[in-house]
$ cat data10.csv   # CSV, N, CA and C atoms
chain,number,residue,atom,x,y,z
Z,1,MET,N,-6.7,32.6,-71.4
Z,1,MET,CA,-7.3,31.3,-71.1
Z,1,MET,C,-8.3,30.9,-72.2
Z,2,LYS,N,-8.1,29.7,-72.8
Z,2,LYS,CA,-9.0,29.3,-73.8
Z,2,LYS,C,-10.0,28.3,-73.2
Z,3,PHE,N,-11.2,28.4,-73.8
Z,3,PHE,CA,-12.3,27.5,-73.4
Z,3,PHE,C,-12.7,26.7,-74.6
Z,4,ASN,N,-12.8,25.4,-74.4
Z,4,ASN,CA,-13.3,24.6,-75.6
Z,4,ASN,C,-14.8,24.5,-75.5
Z,5,LEU,N,-15.4,23.8,-76.4
Z,5,LEU,CA,-16.8,23.7,-76.5
Z,5,LEU,C,-17.4,23.0,-75.3
Z,6,LYS,N,-16.7,22.0,-74.8
Z,6,LYS,CA,-17.2,21.3,-73.6
Z,6,LYS,C,-17.3,22.2,-72.4
Z,7,SER,N,-16.2,23.1,-72.2
Z,7,SER,CA,-16.3,24.0,-71.1
Z,7,SER,C,-17.4,25.0,-71.3
Z,8,PHE,N,-17.6,25.5,-72.5
Z,8,PHE,CA,-18.7,26.4,-72.7
Z,8,PHE,C,-20.1,25.7,-72.4
Z,9,PHE,N,-20.2,24.5,-72.8
Z,9,PHE,CA,-21.5,23.8,-72.5
Z,9,PHE,C,-21.7,23.6,-71.0
Z,10,ILE,N,-20.6,23.3,-70.3
Z,10,ILE,CA,-20.7,23.1,-68.8
Z,10,ILE,C,-21.0,24.4,-68.2
Z,11,ILE,N,-20.4,25.5,-68.6
Z,11,ILE,CA,-20.7,26.8,-68.0
Z,11,ILE,C,-22.2,27.2,-68.3
Z,12,ASN,N,-22.7,26.9,-69.4
Z,12,ASN,CA,-24.1,27.2,-69.7
Z,12,ASN,C,-25.0,26.4,-68.9
Z,13,ILE,N,-24.7,25.1,-68.7
Z,13,ILE,CA,-25.5,24.2,-67.9
Z,13,ILE,C,-25.6,24.8,-66.4
Z,14,PHE,N,-24.4,25.2,-65.9
Z,14,PHE,CA,-24.3,25.8,-64.6
Z,14,PHE,C,-25.2,27.0,-64.5
Z,15,LEU,N,-25.2,27.9,-65.5
Z,15,LEU,CA,-26.0,29.1,-65.5
Z,15,LEU,C,-27.5,28.7,-65.5
Z,16,ILE,N,-27.9,27.7,-66.2
Z,16,ILE,CA,-29.3,27.3,-66.2
Z,16,ILE,C,-29.7,26.8,-64.8
Z,17,PHE,N,-28.8,26.0,-64.2
Z,17,PHE,CA,-29.2,25.5,-62.9
Z,17,PHE,C,-29.2,26.7,-61.9
Z,18,SER,N,-28.3,27.7,-62.1
Z,18,SER,CA,-28.3,28.9,-61.2
Z,18,SER,C,-29.6,29.6,-61.3
Z,19,ILE,N,-30.1,29.7,-62.6
Z,19,ILE,CA,-31.4,30.5,-62.8
Z,19,ILE,C,-32.5,29.7,-62.2
Z,20,LEU,N,-32.5,28.4,-62.3
Z,20,LEU,CA,-33.6,27.6,-61.8
Z,20,LEU,C,-33.6,27.5,-60.3
Z,21,GLN,N,-32.4,27.7,-59.7
Z,21,GLN,CA,-32.3,27.6,-58.2
Z,21,GLN,C,-33.0,28.8,-57.6
Z,22,VAL,N,-33.2,29.9,-58.3
Z,22,VAL,CA,-33.9,31.0,-57.7
Z,22,VAL,C,-35.3,30.6,-57.3
Z,23,PHE,N,-35.9,29.8,-58.1
Z,23,PHE,CA,-37.2,29.3,-57.9
Z,23,PHE,C,-37.3,28.4,-56.6
Z,24,ALA,N,-36.2,27.8,-56.3
Z,24,ALA,CA,-36.2,26.8,-55.2
Z,24,ALA,C,-35.5,27.3,-54.0
Z,25,GLN,N,-35.1,28.5,-54.0
Z,25,GLN,CA,-34.4,29.0,-52.8
Z,25,GLN,C,-35.3,29.2,-51.6
Z,26,THR,N,-34.8,28.8,-50.5
Z,26,THR,CA,-35.6,28.9,-49.2
Z,26,THR,C,-34.7,29.6,-48.2
Z,27,GLU,N,-35.4,30.2,-47.2
Z,27,GLU,CA,-34.7,30.8,-46.1
Z,27,GLU,C,-34.6,29.7,-45.0
Z,28,GLY,N,-33.9,29.9,-43.9
Z,28,GLY,CA,-33.7,28.9,-42.9
Z,28,GLY,C,-35.0,28.4,-42.3
Z,29,ASN,N,-36.0,29.2,-42.4
Z,29,ASN,CA,-37.3,28.7,-41.8
Z,29,ASN,C,-38.2,27.9,-42.8
Z,30,GLY,N,-37.6,27.7,-44.0
Z,30,GLY,CA,-38.3,26.9,-45.0
Z,30,GLY,C,-39.2,27.7,-46.0
Z,31,GLU,N,-39.3,29.0,-45.7
Z,31,GLU,CA,-40.1,29.8,-46.6
Z,31,GLU,C,-39.4,30.1,-47.9
Z,32,ILE,N,-40.1,30.0,-49.0
Z,32,ILE,CA,-39.5,30.3,-50.3
Z,32,ILE,C,-39.3,31.8,-50.5
Z,33,VAL,N,-38.1,32.1,-51.0
Z,33,VAL,CA,-37.6,33.5,-51.1
Z,33,VAL,C,-37.8,33.8,-52.6
Z,34,VAL,N,-38.6,34.8,-52.9
Z,34,VAL,CA,-38.7,35.2,-54.3
Z,34,VAL,C,-38.1,36.6,-54.4
Z,35,ARG,N,-37.0,36.7,-55.1
Z,35,ARG,CA,-36.4,38.0,-55.2
Z,35,ARG,C,-36.9,38.8,-56.4
Z,36,SER,N,-37.0,40.0,-56.3
Z,36,SER,CA,-37.5,40.9,-57.4
Z,36,SER,C,-36.3,40.9,-58.4
Z,37,PRO,N,-36.6,41.2,-59.7
Z,37,PRO,CA,-35.5,41.3,-60.7
Z,37,PRO,C,-34.5,42.4,-60.2
Z,38,GLU,N,-34.9,43.4,-59.6
Z,38,GLU,CA,-34.0,44.5,-59.2
Z,38,GLU,C,-33.1,44.0,-58.1
Z,39,THR,N,-33.6,43.2,-57.1
Z,39,THR,CA,-32.8,42.7,-56.0
Z,39,THR,C,-31.8,41.6,-56.5
Z,40,GLU,N,-32.3,40.8,-57.4
Z,40,GLU,CA,-31.4,39.8,-58.0
Z,40,GLU,C,-30.3,40.4,-58.8
Z,41,ALA,N,-30.7,41.4,-59.6
Z,41,ALA,CA,-29.7,42.1,-60.5
Z,41,ALA,C,-28.6,42.8,-59.6
Z,42,LEU,N,-29.1,43.4,-58.5
Z,42,LEU,CA,-28.2,44.0,-57.6
Z,42,LEU,C,-27.2,43.0,-56.9
Z,43,ARG,N,-27.8,41.9,-56.5
Z,43,ARG,CA,-27.0,40.8,-55.9
Z,43,ARG,C,-25.9,40.3,-56.9
Z,44,GLN,N,-26.3,40.1,-58.1
Z,44,GLN,CA,-25.4,39.6,-59.1
Z,44,GLN,C,-24.3,40.6,-59.4
Z,45,THR,N,-24.7,41.9,-59.5
Z,45,THR,CA,-23.8,43.0,-59.8
Z,45,THR,C,-22.8,43.1,-58.7
Z,46,GLU,N,-23.2,43.1,-57.5
Z,46,GLU,CA,-22.3,43.2,-56.3
Z,46,GLU,C,-21.3,42.1,-56.3
Z,47,ARG,N,-21.7,40.9,-56.6
Z,47,ARG,CA,-20.8,39.8,-56.6
Z,47,ARG,C,-19.7,40.0,-57.7
Z,48,MET,N,-20.2,40.4,-58.9
Z,48,MET,CA,-19.3,40.6,-60.0
Z,48,MET,C,-18.4,41.8,-59.7
Z,49,LYS,N,-18.9,42.8,-59.1
Z,49,LYS,CA,-18.1,44.0,-58.7
Z,49,LYS,C,-16.9,43.6,-57.8
Z,50,ASN,N,-17.2,42.7,-56.8
Z,50,ASN,CA,-16.2,42.3,-55.9
Z,50,ASN,C,-15.2,41.3,-56.6
Z,51,ASP,N,-15.7,40.4,-57.4
Z,51,ASP,CA,-14.9,39.4,-58.0
Z,51,ASP,C,-14.0,39.9,-59.2
Z,52,LEU,N,-14.6,40.9,-59.9
Z,52,LEU,CA,-13.9,41.3,-61.1
Z,52,LEU,C,-13.3,42.7,-61.0
Z,53,ASN,N,-13.5,43.4,-59.9
Z,53,ASN,CA,-13.0,44.8,-59.7
Z,53,ASN,C,-13.6,45.7,-60.8
Z,54,LEU,N,-14.9,45.7,-60.9
Z,54,LEU,CA,-15.5,46.6,-61.9
Z,54,LEU,C,-15.3,48.0,-61.6
Z,55,THR,N,-15.2,48.8,-62.7
Z,55,THR,CA,-15.1,50.3,-62.6
Z,55,THR,C,-16.6,50.8,-62.3
Z,56,PRO,N,-16.7,52.0,-61.8
Z,56,PRO,CA,-18.1,52.5,-61.6
Z,56,PRO,C,-18.9,52.5,-62.9
Z,57,THR,N,-18.3,52.8,-64.0
Z,57,THR,CA,-19.0,52.7,-65.3
Z,57,THR,C,-19.5,51.3,-65.6
Z,58,GLN,N,-18.5,50.4,-65.5
Z,58,GLN,CA,-18.8,49.0,-65.8
Z,58,GLN,C,-19.9,48.5,-64.8
Z,59,GLU,N,-19.9,48.9,-63.6
Z,59,GLU,CA,-20.9,48.5,-62.6
Z,59,GLU,C,-22.3,48.9,-63.0
Z,60,LYS,N,-22.4,50.1,-63.5
Z,60,LYS,CA,-23.7,50.5,-64.0
Z,60,LYS,C,-24.2,49.7,-65.2
Z,61,LEU,N,-23.3,49.5,-66.1
Z,61,LEU,CA,-23.6,48.8,-67.3
Z,61,LEU,C,-24.0,47.3,-67.0
Z,62,VAL,N,-23.2,46.7,-66.1
Z,62,VAL,CA,-23.4,45.3,-65.7
Z,62,VAL,C,-24.8,45.2,-65.0
Z,63,TYR,N,-25.1,46.2,-64.1
Z,63,TYR,CA,-26.4,46.1,-63.4
Z,63,TYR,C,-27.5,46.2,-64.4
Z,64,ASN,N,-27.4,47.0,-65.5
Z,64,ASN,CA,-28.5,47.2,-66.5
Z,64,ASN,C,-28.6,45.9,-67.2
Z,65,ILE,N,-27.5,45.2,-67.6
Z,65,ILE,CA,-27.6,43.9,-68.3
Z,65,ILE,C,-28.2,42.9,-67.4
Z,66,ASN,N,-27.8,42.8,-66.1
Z,66,ASN,CA,-28.3,41.8,-65.2
Z,66,ASN,C,-29.8,42.0,-65.0
Z,67,LEU,N,-30.2,43.3,-64.8
Z,67,LEU,CA,-31.6,43.6,-64.6
Z,67,LEU,C,-32.5,43.2,-65.9
Z,68,LYS,N,-32.0,43.5,-67.0
Z,68,LYS,CA,-32.7,43.2,-68.3
Z,68,LYS,C,-33.0,41.7,-68.3
Z,69,TYR,N,-32.0,40.9,-68.1
Z,69,TYR,CA,-32.1,39.4,-68.2
Z,69,TYR,C,-32.8,38.8,-67.0
Z,70,GLU,N,-32.8,39.4,-65.8
Z,70,GLU,CA,-33.6,38.9,-64.7
Z,70,GLU,C,-35.1,39.2,-65.0
Z,71,LYS,N,-35.4,40.3,-65.6
Z,71,LYS,CA,-36.8,40.6,-65.9
Z,71,LYS,C,-37.3,39.6,-67.0
Z,72,GLU,N,-36.5,39.3,-68.0
Z,72,GLU,CA,-36.8,38.3,-69.0
Z,72,GLU,C,-37.0,36.9,-68.4
Z,73,ARG,N,-36.0,36.6,-67.4
Z,73,ARG,CA,-36.1,35.3,-66.8
Z,73,ARG,C,-37.4,35.0,-66.0
Z,74,GLN,N,-37.8,36.1,-65.4
Z,74,GLN,CA,-39.0,35.9,-64.6
Z,74,GLN,C,-40.3,35.8,-65.4
Z,75,GLN,N,-40.2,36.2,-66.7
Z,75,GLN,CA,-41.3,36.1,-67.6
Z,75,GLN,C,-41.4,34.8,-68.3
Z,76,SER,N,-40.3,34.1,-68.4
Z,76,SER,CA,-40.3,32.8,-69.1
Z,76,SER,C,-39.4,31.8,-68.4
Z,77,THR,N,-39.8,30.6,-68.3
Z,77,THR,CA,-38.9,29.5,-67.7
Z,77,THR,C,-38.7,28.5,-68.8
Z,78,ASP,N,-39.0,28.7,-70.0
Z,78,ASP,CA,-38.7,27.7,-71.1
Z,78,ASP,C,-37.2,27.5,-71.2
Z,79,ARG,N,-36.8,26.3,-71.3
Z,79,ARG,CA,-35.4,25.9,-71.4
Z,79,ARG,C,-34.7,26.5,-72.6
Z,80,ARG,N,-35.3,26.5,-73.7
Z,80,ARG,CA,-34.7,27.0,-75.0
Z,80,ARG,C,-34.5,28.5,-74.8
Z,81,GLN,N,-35.5,29.2,-74.3
Z,81,GLN,CA,-35.4,30.6,-74.1
Z,81,GLN,C,-34.3,30.9,-73.1
Z,82,ALA,N,-34.2,30.1,-72.0
Z,82,ALA,CA,-33.2,30.3,-71.0
Z,82,ALA,C,-31.8,30.2,-71.6
Z,83,LEU,N,-31.6,29.2,-72.5
Z,83,LEU,CA,-30.3,29.1,-73.1
Z,83,LEU,C,-30.0,30.3,-74.0
Z,84,GLU,N,-31.0,30.8,-74.7
Z,84,GLU,CA,-30.8,32.0,-75.6
Z,84,GLU,C,-30.5,33.2,-74.7
Z,85,ARG,N,-31.2,33.3,-73.6
Z,85,ARG,CA,-30.9,34.5,-72.7
Z,85,ARG,C,-29.5,34.4,-72.2
Z,86,ILE,N,-29.0,33.3,-71.8
Z,86,ILE,CA,-27.7,33.1,-71.3
Z,86,ILE,C,-26.7,33.5,-72.3
Z,87,LYS,N,-26.9,33.0,-73.5
Z,87,LYS,CA,-26.0,33.3,-74.6
Z,87,LYS,C,-25.9,34.8,-74.9
Z,88,ASN,N,-27.1,35.5,-75.0
Z,88,ASN,CA,-27.2,36.9,-75.2
Z,88,ASN,C,-26.6,37.7,-74.1
Z,89,LYS,N,-26.9,37.3,-72.8
Z,89,LYS,CA,-26.3,38.0,-71.7
Z,89,LYS,C,-24.8,37.9,-71.7
Z,90,ASN,N,-24.2,36.8,-72.0
Z,90,ASN,CA,-22.8,36.6,-72.1
Z,90,ASN,C,-22.2,37.5,-73.2
Z,91,GLU,N,-22.9,37.6,-74.3
Z,91,GLU,CA,-22.4,38.5,-75.4
Z,91,GLU,C,-22.3,39.9,-74.9
Z,92,GLU,N,-23.4,40.4,-74.2
Z,92,GLU,CA,-23.4,41.7,-73.7
Z,92,GLU,C,-22.4,42.0,-72.7
Z,93,LEU,N,-22.2,41.0,-71.8
Z,93,LEU,CA,-21.2,41.2,-70.7
Z,93,LEU,C,-19.8,41.2,-71.3
Z,94,ARG,N,-19.6,40.5,-72.4
Z,94,ARG,CA,-18.2,40.4,-73.0
Z,94,ARG,C,-17.9,41.8,-73.6
Z,95,LYS,N,-18.9,42.6,-74.0
Z,95,LYS,CA,-18.6,43.9,-74.6
Z,95,LYS,C,-18.3,44.9,-73.5
Z,96,VAL,N,-18.7,44.7,-72.3
Z,96,VAL,CA,-18.5,45.6,-71.2
Z,96,VAL,C,-17.2,45.3,-70.4
Z,97,LEU,N,-16.9,44.0,-70.3
Z,97,LEU,CA,-15.8,43.6,-69.5
Z,97,LEU,C,-14.5,43.6,-70.3
Z,98,THR,N,-13.4,43.7,-69.7
Z,98,THR,CA,-12.1,43.6,-70.4
Z,98,THR,C,-11.9,42.1,-70.6
Z,99,GLU,N,-11.0,41.7,-71.5
Z,99,GLU,CA,-10.7,40.3,-71.8
Z,99,GLU,C,-10.4,39.6,-70.5
Z,100,GLN,N,-9.5,40.2,-69.7
Z,100,GLN,CA,-9.1,39.5,-68.5
Z,100,GLN,C,-10.3,39.3,-67.5
Z,101,GLN,N,-11.2,40.3,-67.4
Z,101,GLN,CA,-12.3,40.2,-66.5
Z,101,GLN,C,-13.3,39.1,-67.0
Z,102,TYR,N,-13.5,39.1,-68.3
Z,102,TYR,CA,-14.4,38.1,-68.9
Z,102,TYR,C,-13.8,36.7,-68.7
Z,103,ALA,N,-12.5,36.5,-68.9
Z,103,ALA,CA,-11.9,35.2,-68.7
Z,103,ALA,C,-12.0,34.8,-67.2
Z,104,GLN,N,-11.8,35.8,-66.3
Z,104,GLN,CA,-12.0,35.5,-64.9
Z,104,GLN,C,-13.4,35.1,-64.5
Z,105,LEU,N,-14.4,35.7,-65.1
Z,105,LEU,CA,-15.8,35.4,-64.9
Z,105,LEU,C,-16.1,34.0,-65.4
Z,106,GLN,N,-15.6,33.6,-66.6
Z,106,GLN,CA,-15.8,32.3,-67.1
Z,106,GLN,C,-15.1,31.2,-66.3
Z,107,SER,N,-13.9,31.5,-65.8
Z,107,SER,CA,-13.2,30.6,-65.0
Z,107,SER,C,-14.0,30.4,-63.7
Z,108,LYS,N,-14.5,31.4,-63.1
Z,108,LYS,CA,-15.2,31.3,-61.9
Z,108,LYS,C,-16.5,30.5,-62.1
Z,109,ARG,N,-17.2,30.7,-63.2
Z,109,ARG,CA,-18.4,29.9,-63.5
Z,109,ARG,C,-18.0,28.5,-63.7
Z,110,TYR,N,-16.9,28.2,-64.4
Z,110,TYR,CA,-16.5,26.8,-64.6
Z,110,TYR,C,-16.2,26.1,-63.3
Z,111,ASN,N,-15.5,26.8,-62.4
Z,111,ASN,CA,-15.1,26.2,-61.1
Z,111,ASN,C,-16.4,26.0,-60.3
Z,112,GLN,N,-17.3,26.9,-60.3
Z,112,GLN,CA,-18.5,26.7,-59.6
Z,112,GLN,C,-19.3,25.5,-60.1
Z,113,ALA,N,-19.4,25.4,-61.4
Z,113,ALA,CA,-20.1,24.2,-62.0
Z,113,ALA,C,-19.4,22.9,-61.6
Z,114,THR,N,-18.1,22.9,-61.5
Z,114,THR,CA,-17.4,21.7,-61.1
Z,114,THR,C,-17.7,21.4,-59.7
Z,115,ILE,N,-17.8,22.4,-58.8
Z,115,ILE,CA,-18.1,22.2,-57.4
Z,115,ILE,C,-19.5,21.6,-57.3
Z,116,ASN,N,-20.5,22.2,-58.0
Z,116,ASN,CA,-21.9,21.8,-58.0
Z,116,ASN,C,-22.0,20.3,-58.5
Z,117,ARG,N,-21.2,20.0,-59.5
Z,117,ARG,CA,-21.3,18.7,-60.1
Z,117,ARG,C,-20.8,17.6,-59.1
Z,118,GLN,N,-19.7,18.0,-58.4
Z,118,GLN,CA,-19.1,17.1,-57.3
Z,118,GLN,C,-20.1,16.9,-56.2
Z,119,ARG,N,-20.8,18.0,-55.8
Z,119,ARG,CA,-21.8,17.9,-54.7
Z,119,ARG,C,-22.9,16.9,-55.1
Z,120,ASN,N,-23.3,16.9,-56.3
Z,120,ASN,CA,-24.4,16.1,-56.8
Z,120,ASN,C,-24.0,14.7,-57.2
Z,121,THR,N,-22.7,14.4,-57.1
Z,121,THR,CA,-22.2,13.0,-57.5
Z,121,THR,C,-22.1,12.2,-56.2
Z,122,PRO,N,-22.8,11.0,-56.2
Z,122,PRO,CA,-22.7,10.2,-55.0
Z,122,PRO,C,-21.3,9.7,-54.8
Z,123,PRO,N,-20.8,9.5,-53.6
Z,123,PRO,CA,-19.5,8.9,-53.4
Z,123,PRO,C,-19.3,7.5,-53.9
Z,124,PRO,N,-18.2,7.2,-54.4
Z,124,PRO,CA,-18.0,5.8,-54.9
Z,124,PRO,C,-18.1,4.8,-53.8
Z,125,GLU,N,-18.6,3.6,-54.1
Z,125,GLU,CA,-18.9,2.6,-53.1
Z,125,GLU,C,-17.8,1.6,-53.1

$ encode --input "data10.csv" --output "structure tokens"
Amino acid sequence: MKFNLKSFFIINIFLIFSILQVFAQTEGNGEIVVRSPETEALRQTERMKNDLNLTPTQEKLVYNINLKYEKERQQSTDRRQALERIKNKNEELRKVLTEQQYAQLQSKRYNQATINRQRNTPPPE
């Protein structure tokens, strides 16, 4: 599966919004939920493990990558730094995942970005 520059841009925008949503997450009672880097890295890794059928070795490596970038994310919310973190994280994940797993991850991100974009688009009048 090939991705063009537009798809790459959309995926990165989705990731930025995903990162920023952590700051705005609330529980059902309206309280803001702040997850530790370890909790968030574990949550991301579990999702990737289920979606991509990670091996135990891949799971450990992916957790370490997720943890590294979650710690960095909590230290800085600068947009330029966020884009650089996303790029670097993707490069590290690409080295750990098979081609098929990475393509599946990108496809899932693209689909989620499309769903989020549709949710935020007002219905035609």

$ residues_around --input "data10.csv" --residues "stretch 56-65 of chain Z" --least-positions-apart "3" --cutoff "10 Å" --atoms "only C-alpha atoms" --output "JSON, numbers by chain"
{"Z": [38, 40, 41, 42, 43, 44, 45, 46, 48, 49, 53, 68, 69, 70, 88, 89, 90, 92, 93, 96, 97, 98]}

$ select_by_dssp --input "data10.csv" --residues "stretch 29-97 of chain Z" --states "alpha helix (DSSP H)" --output "ChimeraX atom specification"
/Z:37-52,56-75,79-96

$ atom_distance --input "data10.csv" --atom1 "atom C of Z:Ala82" --atom2 "atom C of Z:Thr114"
20.4 Å

$ closest_residue --input "data10.csv" --among "Z:Ile11, Z:Asn120, Z:Tyr102, Z:Pro37" --to "Z:Lys71" --atoms "all atoms listed in the file"
Z:Pro37

$ atom_distance --input "data10.csv" --atom1 "atom C of Z:Leu52" --atom2 "atom C of Z:Gln74"
28.2 Å

$ atom_distance --input "data10.csv" --atom1 "atom CA of Z:Lys108" --atom2 "atom CA of Z:Arg79"
23.0 Å

$ closest_residue --input "data10.csv" --among "Z:Arg73, Z:Ser36, Z:Ile10, Z:Leu67" --to "Z:Ile115" --atoms "only C-alpha atoms"
Z:Ile10
